[in-house]
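Novice: Next comes the structure file my_file.cif, holding mmCIF, C-alpha atoms.
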```cif
data_protein
loop_
_atom_site.group_PDB
_atom_site.id
_atom_site.type_symbol
_atom_site.label_atom_id
_atom_site.label_comp_id
_atom_site.auth_asym_id
_atom_site.auth_seq_id
_atom_site.Cartn_x
_atom_site.Cartn_y
_atom_site.Cartn_z
ATOM 1 C CA MET A 1 0.000 0.000 0.000
ATOM 2 C CA THR A 2 1.380 3.428 -0.968
ATOM 3 C CA ILE A 3 0.343 7.045 -0.466
ATOM 4 C CA THR A 4 0.123 7.394 -4.246
ATOM 5 C CA GLN A 5 -2.403 4.567 -4.444
ATOM 6 C CA LEU A 6 -4.499 6.233 -1.760
ATOM 7 C CA ILE A 7 -4.358 9.579 -3.576
ATOM 8 C CA TYR A 8 -5.553 7.964 -6.812
ATOM 9 C CA THR A 9 -8.333 6.166 -4.964
ATOM 10 C CA ILE A 10 -9.525 9.380 -3.333
ATOM 11 C CA ALA A 11 -9.554 11.085 -6.746
ATOM 12 C CA VAL A 12 -11.815 8.403 -8.240
ATOM 13 C CA ALA A 13 -14.118 8.639 -5.233
ATOM 14 C CA GLU A 14 -14.374 12.408 -5.759
ATOM 15 C CA TYR A 15 -14.861 12.486 -9.536
ATOM 16 C CA LYS A 16 -16.660 9.116 -9.868
ATOM 17 C CA ASN A 17 -14.833 8.541 -13.137
ATOM 18 C CA PHE A 18 -11.443 6.894 -13.738
ATOM 19 C CA THR A 19 -10.586 9.003 -16.792
ATOM 20 C CA LEU A 20 -11.395 12.310 -15.105
ATOM 21 C CA ALA A 21 -9.624 11.253 -11.901
ATOM 22 C CA ALA A 22 -6.502 10.401 -13.918
ATOM 23 C CA GLU A 23 -6.654 13.763 -15.684
ATOM 24 C CA LYS A 24 -6.953 15.650 -12.394
ATOM 25 C CA SER A 25 -4.120 13.553 -10.919
ATOM 26 C CA PHE A 26 -1.856 14.249 -13.923
ATOM 27 C CA VAL A 27 -1.367 10.555 -14.677
ATOM 28 C CA SER A 28 -2.518 8.220 -17.447
ATOM 29 C CA GLN A 29 -5.781 6.402 -16.917
ATOM 30 C CA PRO A 30 -4.212 2.904 -17.269
ATOM 31 C CA THR A 31 -1.616 3.766 -14.622
ATOM 32 C CA LEU A 32 -4.231 5.046 -12.195
ATOM 33 C CA SER A 33 -6.486 2.017 -12.758
ATOM 34 C CA MET A 34 -3.599 -0.394 -12.300
ATOM 35 C CA GLN A 35 -2.535 1.179 -8.989
ATOM 36 C CA ILE A 36 -6.080 1.058 -7.616
ATOM 37 C CA GLN A 37 -6.458 -2.557 -8.714
ATOM 38 C CA LYS A 38 -3.206 -3.430 -6.921
ATOM 39 C CA LEU A 39 -4.538 -1.782 -3.773
ATOM 40 C CA GLU A 40 -7.789 -3.728 -3.995
ATOM 41 C CA GLU A 41 -5.893 -6.995 -4.513
ATOM 42 C CA GLU A 42 -3.616 -6.296 -1.541
ATOM 43 C CA LEU A 43 -6.575 -5.540 0.714
ATOM 44 C CA GLY A 44 -8.703 -8.331 -0.702
ATOM 45 C CA ILE A 45 -11.729 -6.116 -1.211
ATOM 46 C CA ILE A 46 -13.465 -4.138 -3.982
ATOM 47 C CA ILE A 47 -13.442 -0.381 -3.385
ATOM 48 C CA PHE A 48 -15.461 0.697 -6.423
ATOM 49 C CA ASP A 49 -18.555 -0.730 -8.072
ATOM 50 C CA ARG A 50 -17.503 -0.387 -11.704
ATOM 51 C CA THR A 51 -20.851 -1.588 -13.073
ATOM 52 C CA THR A 52 -22.626 1.656 -12.193
ATOM 53 C CA LYS A 53 -22.478 5.024 -13.937
ATOM 54 C CA PRO A 54 -21.217 7.141 -12.373
ATOM 55 C CA ILE A 55 -18.886 4.807 -10.460
ATOM 56 C CA GLN A 56 -19.971 4.269 -6.853
ATOM 57 C CA LEU A 57 -18.125 3.257 -3.704
ATOM 58 C CA THR A 58 -18.899 -0.124 -2.223
ATOM 59 C CA GLU A 59 -19.908 -0.195 1.428
ATOM 60 C CA VAL A 60 -16.404 -1.116 2.554
ATOM 61 C CA GLY A 61 -14.975 1.271 -0.049
ATOM 62 C CA ALA A 62 -16.659 4.235 1.633
ATOM 63 C CA ILE A 63 -14.982 3.320 4.915
ATOM 64 C CA ILE A 64 -11.617 2.884 3.174
ATOM 65 C CA ILE A 65 -11.886 6.328 1.559
ATOM 66 C CA LYS A 66 -12.478 8.080 4.888
ATOM 67 C CA GLN A 67 -9.384 6.450 6.335
ATOM 68 C CA ALA A 68 -7.371 7.126 3.178
ATOM 69 C CA GLN A 69 -8.200 10.840 3.412
ATOM 70 C CA LYS A 70 -6.895 10.933 6.973
ATOM 71 C CA ILE A 71 -3.677 9.102 6.001
ATOM 72 C CA VAL A 72 -2.960 11.364 3.021
ATOM 73 C CA GLU A 73 -3.711 14.469 5.063
ATOM 74 C CA GLU A 74 -1.364 13.388 7.839
ATOM 75 C CA SER A 75 1.376 12.566 5.320
ATOM 76 C CA ASN A 76 1.075 16.085 3.902
ATOM 77 C CA ARG A 77 1.503 17.509 7.373
ATOM 78 C CA ILE A 78 5.111 16.303 7.544
ATOM 79 C CA LYS A 79 6.150 18.797 4.869
ATOM 80 C CA ASP A 80 3.925 21.453 6.438
ATOM 81 C CA ILE A 81 5.702 21.013 9.764
ATOM 82 C CA VAL A 82 9.102 21.434 8.110
ATOM 83 C CA ASP A 83 7.939 24.514 6.162
ATOM 84 C CA GLN A 84 6.512 26.067 9.305
ATOM 85 C CA GLN A 85 9.739 25.507 11.233
ATOM 86 C CA LYS A 86 11.732 27.133 8.443
ATOM 87 C CA GLY A 87 9.265 30.013 8.109
ATOM 88 C CA PHE A 88 8.870 29.078 4.448
ATOM 89 C CA ILE A 89 5.875 30.659 2.703
ATOM 90 C CA GLY A 90 5.358 28.644 -0.446
ATOM 91 C CA GLY A 91 3.892 25.565 -2.062
ATOM 92 C CA GLU A 92 0.375 24.787 -3.229
ATOM 93 C CA PHE A 93 -2.432 26.493 -1.349
ATOM 94 C CA ARG A 94 -6.101 26.042 -2.296
ATOM 95 C CA VAL A 95 -8.590 28.746 -1.355
ATOM 96 C CA GLY A 96 -12.361 28.546 -1.737
ATOM 97 C CA ILE A 97 -14.410 31.737 -2.146
ATOM 98 C CA ILE A 98 -18.180 32.174 -2.220
ATOM 99 C CA PRO A 99 -19.592 33.653 -5.492
ATOM 100 C CA THR A 100 -20.824 36.945 -4.007
ATOM 101 C CA ILE A 101 -17.310 37.802 -2.795
ATOM 102 C CA THR A 102 -15.125 36.568 -5.670
ATOM 103 C CA PRO A 103 -15.701 39.347 -8.265
ATOM 104 C CA THR A 104 -14.999 42.231 -5.885
ATOM 105 C CA LEU A 105 -12.445 40.978 -3.346
ATOM 106 C CA LEU A 106 -10.274 38.694 -5.500
ATOM 107 C CA PRO A 107 -9.094 41.445 -7.922
ATOM 108 C CA MET A 108 -8.261 43.621 -4.919
ATOM 109 C CA PHE A 109 -5.712 41.289 -3.322
ATOM 110 C CA LEU A 110 -4.629 38.656 -5.870
ATOM 111 C CA LYS A 111 -1.914 40.627 -7.693
ATOM 112 C CA THR A 112 -0.498 41.978 -4.434
ATOM 113 C CA PHE A 113 -0.354 38.541 -2.836
ATOM 114 C CA ILE A 114 1.281 36.895 -5.854
ATOM 115 C CA LYS A 115 3.908 39.633 -6.050
ATOM 116 C CA LYS A 116 4.651 39.493 -2.322
ATOM 117 C CA HIS A 117 4.677 35.676 -2.084
ATOM 118 C CA PRO A 118 5.811 34.335 -5.475
ATOM 119 C CA LYS A 119 6.616 30.880 -4.089
ATOM 120 C CA VAL A 120 2.971 30.218 -3.195
ATOM 121 C CA ASN A 121 1.023 28.382 -5.879
ATOM 122 C CA LEU A 122 -2.363 29.898 -5.055
ATOM 123 C CA ILE A 123 -5.324 27.981 -6.471
ATOM 124 C CA VAL A 124 -8.663 29.796 -6.138
ATOM 125 C CA GLU A 125 -11.893 27.830 -6.448
ATOM 126 C CA GLU A 126 -15.460 29.140 -6.220
ATOM 127 C CA TYR A 127 -17.996 27.213 -4.116
ATOM 128 C CA ASN A 128 -21.069 27.928 -2.034
ATOM 129 C CA THR A 129 -20.711 27.881 1.743
ATOM 130 C CA GLU A 130 -21.896 24.309 2.237
ATOM 131 C CA GLU A 131 -19.392 23.003 -0.334
ATOM 132 C CA ILE A 132 -16.623 25.039 1.291
ATOM 133 C CA ILE A 133 -17.286 23.517 4.707
ATOM 134 C CA GLN A 134 -17.228 19.985 3.306
ATOM 135 C CA ARG A 135 -14.068 20.583 1.280
ATOM 136 C CA LEU A 136 -12.300 22.066 4.282
ATOM 137 C CA ARG A 137 -13.152 18.995 6.336
ATOM 138 C CA ASN A 138 -12.067 16.648 3.546
ATOM 139 C CA GLY A 139 -8.758 18.482 3.093
ATOM 140 C CA GLN A 140 -9.626 19.419 -0.507
ATOM 141 C CA ILE A 141 -9.018 23.113 0.195
ATOM 142 C CA ASP A 142 -6.729 24.729 2.759
ATOM 143 C CA ALA A 143 -8.778 27.810 3.585
ATOM 144 C CA ALA A 144 -11.730 29.817 2.349
ATOM 145 C CA ILE A 145 -13.281 33.270 2.324
ATOM 146 C CA ALA A 146 -16.949 33.285 3.289
ATOM 147 C CA ALA A 147 -19.665 35.166 5.119
ATOM 148 C CA THR A 148 -19.651 34.314 8.823
ATOM 149 C CA PRO A 149 -20.403 33.396 11.568
ATOM 150 C CA LEU A 150 -20.795 29.747 10.575
ATOM 151 C CA GLU A 151 -20.700 28.307 14.093
ATOM 152 C CA GLU A 152 -18.827 25.149 13.065
ATOM 153 C CA ALA A 153 -16.892 23.710 16.011
ATOM 154 C CA ASP A 154 -13.956 22.442 13.930
ATOM 155 C CA ILE A 155 -13.521 25.562 11.795
ATOM 156 C CA LYS A 156 -11.711 28.735 12.860
ATOM 157 C CA GLU A 157 -12.907 32.123 11.617
ATOM 158 C CA ALA A 158 -10.500 35.053 11.269
ATOM 159 C CA VAL A 159 -12.558 38.169 10.511
ATOM 160 C CA LEU A 160 -11.355 40.183 7.518
ATOM 161 C CA TYR A 161 -13.939 42.965 7.308
ATOM 162 C CA TYR A 162 -17.566 43.978 7.785
ATOM 163 C CA GLU A 163 -19.305 44.861 4.533
ATOM 164 C CA PRO A 164 -22.458 47.021 4.736
ATOM 165 C CA PHE A 165 -25.552 46.470 2.588
ATOM 166 C CA VAL A 166 -26.442 49.320 0.235
ATOM 167 C CA GLY A 167 -29.847 49.928 -1.320
ATOM 168 C CA TYR A 168 -30.148 50.267 -5.100
ATOM 169 C CA PHE A 169 -33.241 52.383 -5.800
ATOM 170 C CA PRO A 170 -33.905 53.643 -9.340
ATOM 171 C CA GLU A 171 -35.697 57.020 -9.538
ATOM 172 C CA ARG A 172 -39.305 55.778 -9.481
ATOM 173 C CA PHE A 173 -38.641 53.942 -6.209
ATOM 174 C CA ARG A 174 -36.818 56.825 -4.484
ATOM 175 C CA GLN A 175 -39.945 58.925 -4.192
ATOM 176 C CA GLY A 176 -40.923 59.624 -0.604
ATOM 177 C CA ILE A 177 -37.769 58.250 1.056
ATOM 178 C CA SER A 178 -35.066 60.243 2.814
ATOM 179 C CA LYS A 179 -31.361 60.300 1.997
ATOM 180 C CA LYS A 180 -30.877 57.227 4.174
ATOM 181 C CA ILE A 181 -33.238 54.272 4.551
ATOM 182 C CA ASP A 182 -34.172 51.558 6.989
ATOM 183 C CA ILE A 183 -35.671 48.170 6.204
ATOM 184 C CA ASN A 184 -39.221 49.548 6.512
ATOM 185 C CA ASP A 185 -38.602 51.774 3.486
ATOM 186 C CA ILE A 186 -38.287 48.701 1.252
ATOM 187 C CA ASP A 187 -41.443 47.468 -0.433
ATOM 188 C CA LEU A 188 -40.885 43.703 -0.401
ATOM 189 C CA HIS A 189 -43.132 43.344 -3.455
ATOM 190 C CA HIS A 190 -40.439 45.185 -5.423
ATOM 191 C CA LEU A 191 -37.392 43.477 -3.911
ATOM 192 C CA LEU A 192 -35.119 41.635 -6.364
ATOM 193 C CA LEU A 193 -32.831 38.975 -4.850
ATOM 194 C CA LEU A 194 -30.139 36.525 -5.748
ATOM 195 C CA GLN A 195 -31.430 33.018 -6.353
ATOM 196 C CA ASP A 196 -31.618 30.456 -3.562
ATOM 197 C CA GLY A 197 -28.236 29.086 -2.533
ATOM 198 C CA HIS A 198 -26.470 32.442 -2.124
ATOM 199 C CA CYS A 199 -25.622 33.473 1.423
ATOM 200 C CA PHE A 200 -26.020 37.176 0.561
ATOM 201 C CA ARG A 201 -29.670 36.390 -0.228
ATOM 202 C CA ASN A 202 -29.971 34.672 3.153
ATOM 203 C CA GLY A 203 -28.477 37.694 4.863
ATOM 204 C CA VAL A 204 -31.104 39.944 3.268
ATOM 205 C CA ILE A 205 -33.896 37.587 4.297
ATOM 206 C CA ASN A 206 -32.507 37.537 7.834
ATOM 207 C CA LEU A 207 -32.429 41.333 7.767
ATOM 208 C CA CYS A 208 -36.146 41.347 6.975
ATOM 209 C CA LYS A 209 -36.885 38.729 9.644
ATOM 210 C CA ASN A 210 -34.936 40.741 12.205
ATOM 211 C CA ASN A 211 -37.442 43.533 11.613
ATOM 212 C CA SER A 212 -40.487 41.354 12.363
ATOM 213 C CA LEU A 213 -41.326 40.748 8.697
ATOM 214 C CA ASP A 214 -41.914 37.053 9.173
ATOM 215 C CA ASN A 215 -44.483 36.648 6.434
ATOM 216 C CA GLU A 216 -43.542 34.871 3.216
ATOM 217 C CA LEU A 217 -41.665 37.392 1.085
ATOM 218 C CA PRO A 218 -43.273 37.907 -2.348
ATOM 219 C CA PHE A 219 -40.101 38.059 -4.459
ATOM 220 C CA LYS A 220 -40.899 38.495 -8.127
ATOM 221 C CA LEU A 221 -37.487 37.747 -9.600
ATOM 222 C CA GLU A 222 -34.401 35.844 -8.505
ATOM 223 C CA SER A 223 -31.092 35.951 -10.351
ATOM 224 C CA GLY A 224 -27.620 34.454 -10.037
ATOM 225 C CA SER A 225 -25.750 37.757 -10.360
ATOM 226 C CA PHE A 226 -25.873 41.287 -9.022
ATOM 227 C CA GLU A 227 -25.342 42.603 -12.561
ATOM 228 C CA THR A 228 -28.645 41.094 -13.691
ATOM 229 C CA LEU A 229 -30.478 42.491 -10.671
ATOM 230 C CA ILE A 230 -29.084 45.963 -11.400
ATOM 231 C CA LYS A 231 -30.143 45.794 -15.058
ATOM 232 C CA ILE A 232 -33.675 44.696 -14.137
ATOM 233 C CA ALA A 233 -33.869 47.431 -11.500
ATOM 234 C CA ASN A 234 -32.711 49.995 -14.085
ATOM 235 C CA GLU A 235 -35.704 48.988 -16.199
ATOM 236 C CA GLY A 236 -37.905 50.211 -13.381
ATOM 237 C CA LEU A 237 -38.991 46.739 -12.302
ATOM 238 C CA GLY A 238 -37.783 46.744 -8.719
ATOM 239 C CA VAL A 239 -35.111 47.535 -6.149
ATOM 240 C CA THR A 240 -32.289 45.451 -4.753
ATOM 241 C CA LEU A 241 -29.577 45.408 -2.084
ATOM 242 C CA LEU A 242 -25.883 45.220 -2.911
ATOM 243 C CA PRO A 243 -22.737 44.475 -0.888
ATOM 244 C CA TYR A 244 -20.770 47.709 -0.475
ATOM 245 C CA LEU A 245 -17.659 46.590 -2.396
ATOM 246 C CA HIS A 246 -19.811 45.782 -5.416
ATOM 247 C CA THR A 247 -20.981 49.398 -5.569
ATOM 248 C CA LEU A 248 -17.406 50.607 -6.137
ATOM 249 C CA ASP A 249 -17.462 49.190 -9.680
ATOM 250 C CA LEU A 250 -20.773 50.719 -10.756
ATOM 251 C CA LYS A 251 -20.912 53.036 -13.754
ATOM 252 C CA ALA A 252 -21.022 56.714 -12.829
ATOM 253 C CA GLU A 253 -24.596 57.150 -14.084
ATOM 254 C CA TYR A 254 -25.818 54.436 -11.699
ATOM 255 C CA LEU A 255 -24.342 55.936 -8.538
ATOM 256 C CA ILE A 256 -27.365 58.201 -8.074
ATOM 257 C CA ASN A 257 -29.438 55.058 -7.428
ATOM 258 C CA LEU A 258 -27.424 54.076 -4.336
ATOM 259 C CA VAL A 259 -29.027 54.732 -0.958
ATOM 260 C CA GLU A 260 -27.257 54.125 2.365
ATOM 261 C CA PHE A 261 -28.942 52.559 5.374
ATOM 262 C CA LYS A 262 -29.365 54.533 8.556
ATOM 263 C CA ASP A 263 -27.051 53.665 11.450
ATOM 264 C CA PRO A 264 -26.501 51.018 12.552
ATOM 265 C CA LYS A 265 -25.953 49.891 8.970
ATOM 266 C CA PRO A 266 -26.813 46.248 8.266
ATOM 267 C CA ALA A 267 -23.679 44.396 7.169
ATOM 268 C CA ARG A 268 -22.228 40.966 6.577
ATOM 269 C CA GLU A 269 -19.133 39.663 8.319
ATOM 270 C CA VAL A 270 -16.516 38.254 5.920
ATOM 271 C CA SER A 271 -13.811 35.963 7.292
ATOM 272 C CA LEU A 272 -10.892 33.797 6.286
ATOM 273 C CA ILE A 273 -11.854 30.346 7.543
ATOM 274 C CA TYR A 274 -9.806 27.178 7.990
ATOM 275 C CA ARG A 275 -9.701 23.992 10.033
ATOM 276 C CA LYS A 276 -8.442 24.398 13.567
ATOM 277 C CA SER A 277 -5.937 21.615 12.869
ATOM 278 C CA GLU A 278 -4.548 23.358 9.771
ATOM 279 C CA LEU A 279 -0.742 23.548 9.694
ATOM 280 C CA LYS A 280 -0.242 25.965 6.778
ATOM 281 C CA ILE A 281 -0.644 28.814 9.223
ATOM 282 C CA GLN A 282 2.220 30.806 7.733
ATOM 283 C CA ILE A 283 0.394 31.030 4.382
ATOM 284 C CA ILE A 284 -2.957 31.708 6.054
ATOM 285 C CA GLU A 285 -1.481 34.599 8.009
ATOM 286 C CA ALA A 286 0.229 35.965 4.892
ATOM 287 C CA LEU A 287 -3.061 35.826 2.976
ATOM 288 C CA ARG A 288 -5.001 37.490 5.792
ATOM 289 C CA GLU A 289 -2.395 40.223 6.145
ATOM 290 C CA THR A 290 -2.546 40.968 2.406
ATOM 291 C CA ILE A 291 -6.350 41.117 2.320
ATOM 292 C CA LEU A 292 -6.499 43.349 5.387
ATOM 293 C CA SER A 293 -3.978 45.738 3.865
ATOM 294 C CA VAL A 294 -6.047 46.280 0.691
ATOM 295 C CA VAL A 295 -9.495 46.309 2.284
ATOM 296 C CA ARG A 296 -8.771 48.800 5.066
ATOM 297 C CA GLY A 297 -8.758 51.659 2.590
ATOM 298 C CA ALA A 298 -11.961 50.560 0.880
ATOM 299 C CA ILE A 299 -14.218 49.943 3.883
ATOM 300 C CA ALA A 300 -14.190 52.366 6.808
ATOM 301 C CA PHE A 301 -17.585 51.915 8.470
ATOM 302 C CA SER A 302 -17.721 51.660 12.254
ATOM 303 C CA ASP A 303 -21.430 51.780 13.148
ATOM 304 C CA ILE A 304 -22.778 48.562 11.637
ATOM 305 C CA GLN A 305 -25.146 45.754 12.538
ATOM 306 C CA ILE A 306 -23.952 42.258 11.599
ATOM 307 C CA ILE A 307 -26.517 40.130 9.779
ATOM 308 C CA SER A 308 -25.798 36.397 9.856
ATOM 309 C CA PRO A 309 -26.089 34.543 6.529
ATOM 310 C CA LYS A 310 -27.022 31.306 8.273
ATOM 311 C CA LEU A 311 -30.601 30.746 7.203
ATOM 312 C CA ASN A 312 -30.175 27.300 5.654
ATOM 313 C CA ARG A 313 -27.335 24.823 5.159
ATOM 314 C CA LYS A 314 -27.049 25.456 1.415
ATOM 315 C CA SER A 315 -26.008 29.099 1.646
#
```
Take the structure in the file and give it back as C-alpha cells.
Specialist:
Amino acid sequence: MTITQLIYTIAVAEYKNFTLAAEKSFVSQPTLSMQIQKLEEELGIIIFDRTTKPIQLTEVGAIIIKQAQKIVEESNRIKDIVDQQKGFIGGEFRVGIIPTITPTLLPMFLKTFIKKHPKVNLIVEEYNTEEIIQRLRNGQIDAAIAATPLEEADIKEAVLYYEPFVGYFPERFRQGISKKIDINDIDLHHLLLLQDGHCFRNGVINLCKNNSLDNELPFKLESGSFETLIKIANEGLGVTLLPYLHTLDLKAEYLINLVEFKDPKPAREVSLIYRKSELKIQIIEALRETILSVVRGAIAFSDIQIISPKLNRKS
C-alpha cells in the first residue's frame, strides 16, 4: 500500500470517473487504474462498483476512503511542519471563495499577494458555503473566504472585514424616502434577490426577519448575479440590495441610485476560515495580512449591525 495509491483512490471517489480522476491527478488512466487494482488486490476487497455510472463506492470502499483521506492528510503535514519551522511561505495552497465575494475581493488582493509571495502556488476555487465547509473537512481546500459566523466547532474564523448592505433604488422607487433608509422603506413586493443558494440572499432575508417581517416574502425575480439584478432594477422593475464593495465598480450614471442605510448599517461579516488543525498557518497569516492591507482603505464603516447569513445549510 502506498500514499500514491491512496491519492488515486480518493480522486476516483471524488470524480466518480477513472478518466477524469486520472486527468486531475496528472497521470494516465491505465496507470491510475492499475494502482487502484493493486490496492484492492492487496486488501482483498473491492473499493469501487464499476458496473454503475457514475462509479460508486462499495460499502467497505466508503470506509476505506475516509481512512485514506486521513492518512494522506497526515502525510502532507510532515512537509507542512518542516515549512513552518523554516518560516517558508510557499507551495500549493487552495482557497475557496463564495460567489458573491469573488468578483470584488479577489481582484483587490490577488496581484499583491502573488507579487509578495511568489513561491505560493495559489489555487482559487469558487464554491457555495456548504461546499466550502465539506471541502475544508475533507482536506480538498486549505482555507476559504466566506460570510460568517458559521458556528462550526472544527472551523476557525479570522474576521477580515464587515461589509455594509447598500440599497439600489432607481428614480421611481426613491420617491418619498429620505437620503438614508431603513428596512421599513423597502417594499418587499419590489425586492429583487439573488437566487436560492447564495448566502447574501440569506443575509437579506434575515435582515427582513430581524425587523419582524416574518411573512412569506413575495419576491418576483431571482437571479444568479448582481449585474442582472441591477439591469432589471434599471428597467424600473424593482429595487435590490448590494454588498458595499460591489458598488465601487458601478458606472457613474448608476451611482445616483445608491441609498445608504441609517445607522446602525446592516452588514455581513466576511472571514478567512480554515480547520483548527490546519498547519499551513504561515500562508494563512500571509493571505489574511494581504487582504487586510487592501481592504482597510476601501471599507471604513464603524457603526454597523452584523446580519448572519445562516438561514439554511445550502447558503
Novice: Identify which of the residues A:Ala267, A:Leu105, A:Ile291, A:Val120 lies closest to His246 of chain A, counting all atoms listed in the file when measuring atom-to-atom distances.
Specialist: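 Between A:Ala267, A:Leu105, A:Ile291, A:Val120, the residue approaching His246 of chain A most closely is A:Leu105.
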Novice: To one decimal place in Å, what is the distance between atom CA of Lys16 of chain A and atom CA of Ile36 of chain A?
Specialist: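 Interatomic distance here is 13.5 Å.
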Novice: Using only C-alpha atoms, which protein or nucleic acid residues come within 12 Å of Ser293 of chain A? Drop anything in the same chain fewer than 3 positions from it, and give the result as a PyMOL selection string.
Specialist: chain A and resi 108-109+112-113+160-161+286-290+296-299
Novice: Can you list, as a PDB file with C-alpha atoms, keeping the file's coordinate frame, every protein, DNA or RNA residue that comes within 12 Å of segment 27-29 of chain A when you count all atoms listed in the file, leaving out same-chain residues fewer than 3 positions away?
Specialist:
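Wrote it out as result_21.pdb, contents follow:
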```pdb
ATOM      1  CA  THR A   4       0.123   7.394  -4.246  1.00  0.00           C
ATOM      2  CA  GLN A   5      -2.403   4.567  -4.444  1.00  0.00           C
ATOM      3  CA  ILE A   7      -4.358   9.579  -3.576  1.00  0.00           C
ATOM      4  CA  TYR A   8      -5.553   7.964  -6.812  1.00  0.00           C
ATOM      5  CA  ALA A  11      -9.554  11.085  -6.746  1.00  0.00           C
ATOM      6  CA  VAL A  12     -11.815   8.403  -8.240  1.00  0.00           C
ATOM      7  CA  ASN A  17     -14.833   8.541 -13.137  1.00  0.00           C
ATOM      8  CA  PHE A  18     -11.443   6.894 -13.738  1.00  0.00           C
ATOM      9  CA  THR A  19     -10.586   9.003 -16.792  1.00  0.00           C
ATOM     10  CA  LEU A  20     -11.395  12.310 -15.105  1.00  0.00           C
ATOM     11  CA  ALA A  21      -9.624  11.253 -11.901  1.00  0.00           C
ATOM     12  CA  ALA A  22      -6.502  10.401 -13.918  1.00  0.00           C
ATOM     13  CA  GLU A  23      -6.654  13.763 -15.684  1.00  0.00           C
ATOM     14  CA  LYS A  24      -6.953  15.650 -12.394  1.00  0.00           C
ATOM     15  CA  LEU A  32      -4.231   5.046 -12.195  1.00  0.00           C
ATOM     16  CA  SER A  33      -6.486   2.017 -12.758  1.00  0.00           C
ATOM     17  CA  MET A  34      -3.599  -0.394 -12.300  1.00  0.00           C
ATOM     18  CA  GLN A  35      -2.535   1.179  -8.989  1.00  0.00           C
ATOM     19  CA  ILE A  36      -6.080   1.058  -7.616  1.00  0.00           C
TER      20      ILE A  36
END
```
Novice: Report as CSV: every residue of segment 270-291 of chain A with an atom at most 10 Å from segment 59-81 of chain A, its closest pair of atoms, and their distance in Å to one decimal, counting all atoms listed in the file, with rows sorted by chain and ascending residue number.
Specialist:
```
residue,atom,partner,partner_atom,distance
A:Glu278,CA,A:Arg77,CA,8.8
A:Leu279,CA,A:Asp80,CA,6.1
A:Lys280,CA,A:Asp80,CA,6.2
A:Ile281,CA,A:Asp80,CA,9.1
A:Gln282,CA,A:Asp80,CA,9.6
```
Novice: Can you measure atom CA of Val239 of chain A to atom CA of Ile145 of chain A for me? One decimal in Å is fine.
Specialist: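 Answer for the atom CA of Val239 of chain A to atom CA of Ile145 of chain A separation: 27.4 Å.
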Novice: Quick one: which residues end up in the PyMOL selection byres ((chain A and resi 190) around 6) for this structure, as a PyMOL selection string?
Specialist: chain A and resi 187-189+191+238-239
Novice: How many Å lie between atom CA of Leu150 of chain A and atom CA of Glu125 of chain A, rounded to one decimal?
Specialist: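 Going from atom CA of Leu150 of chain A over to atom CA of Glu125 of chain A, I get 19.3 Å.
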Novice: For a quick check of understanding, using all atoms listed in the file, which of A:Glu171, A:Glu227, A:Glu41, A:Glu92 has the smallest distance to Ile256 of chain A?
Specialist: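 Closest to Ile256 of chain A of all the choices is A:Glu171.
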Novice: Could you list, as a PyMOL selection string, every residue within 6 Å of Thr58 of chain A, counting only C-alpha atoms and ignoring same-chain residues fewer than 6 positions away?
Specialist: chain A and resi 47-49
Novice: In the coordinate frame of the file, compute which residues have an atom within 12 Å of (-22.4, 48.9, -6.6) when using all atoms listed in the file, and state them as a ChimeraX atom specification.
Specialist: /A:103-104,164-169,226-227,229-231,240-260
Novice: Can you work out which one of A:Gln140, A:Thr52, A:Phe26, A:Gly87 has the shortest atom-to-atom distance to Ile10 of chain A, counting only C-alpha atoms?
Specialist: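 The closest residue to Ile10 of chain A is A:Gln140.
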Novice: Care to translate the PyMOL selection byres ((chain A and resi 148) around 9) into actual residues of this file, as a list in words?
Specialist: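 Answer for the PyMOL selection byres ((chain A and resi 148) around 9): Ala146, Ala147, Pro149, Leu150, Glu151, Glu157, Val159, Arg268, Glu269, Val270, Ser271, Ile273, Ser308, Pro309 and Lys310 of chain A.
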Novice: Evaluate the PyMOL selection byres ((chain A and resi 98) around 10) here and jot the selected residues down as a PDB file with C-alpha atoms, in the coordinates of the input.
Specialist:
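Heads up, here's the output in part_11.pdb:
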```pdb
ATOM      1  CA  GLY A  96     -12.361  28.546  -1.737  1.00  0.00           C
ATOM      2  CA  ILE A  97     -14.410  31.737  -2.146  1.00  0.00           C
ATOM      3  CA  PRO A  99     -19.592  33.653  -5.492  1.00  0.00           C
ATOM      4  CA  THR A 100     -20.824  36.945  -4.007  1.00  0.00           C
ATOM      5  CA  ILE A 101     -17.310  37.802  -2.795  1.00  0.00           C
ATOM      6  CA  THR A 102     -15.125  36.568  -5.670  1.00  0.00           C
ATOM      7  CA  PRO A 103     -15.701  39.347  -8.265  1.00  0.00           C
ATOM      8  CA  GLU A 125     -11.893  27.830  -6.448  1.00  0.00           C
ATOM      9  CA  GLU A 126     -15.460  29.140  -6.220  1.00  0.00           C
ATOM     10  CA  TYR A 127     -17.996  27.213  -4.116  1.00  0.00           C
ATOM     11  CA  ASN A 128     -21.069  27.928  -2.034  1.00  0.00           C
ATOM     12  CA  THR A 129     -20.711  27.881   1.743  1.00  0.00           C
ATOM     13  CA  GLU A 130     -21.896  24.309   2.237  1.00  0.00           C
ATOM     14  CA  GLU A 131     -19.392  23.003  -0.334  1.00  0.00           C
ATOM     15  CA  ILE A 132     -16.623  25.039   1.291  1.00  0.00           C
ATOM     16  CA  ALA A 144     -11.730  29.817   2.349  1.00  0.00           C
ATOM     17  CA  ILE A 145     -13.281  33.270   2.324  1.00  0.00           C
ATOM     18  CA  ALA A 146     -16.949  33.285   3.289  1.00  0.00           C
ATOM     19  CA  ALA A 147     -19.665  35.166   5.119  1.00  0.00           C
ATOM     20  CA  HIS A 198     -26.470  32.442  -2.124  1.00  0.00           C
ATOM     21  CA  CYS A 199     -25.622  33.473   1.423  1.00  0.00           C
ATOM     22  CA  PHE A 200     -26.020  37.176   0.561  1.00  0.00           C
ATOM     23  CA  SER A 315     -26.008  29.099   1.646  1.00  0.00           C
TER      24      SER A 315
END
```
Novice: My list of candidates is A:Pro107, A:Pro266, A:Phe261, A:Ala158. Which is closest to Lys179 of chain A when distances are computed with all atoms listed in the file?
Specialist: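 Of the candidates, the smallest distance to Lys179 of chain A is held by A:Phe261.
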Novice: Counting all atoms listed in the file, which of A:Tyr162, A:Arg137, A:Asp154, A:Pro170 gets nearest to Glu235 of chain A?
Specialist: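 Checking each candidate against Glu235 of chain A, we get A:Pro170 as the closest.
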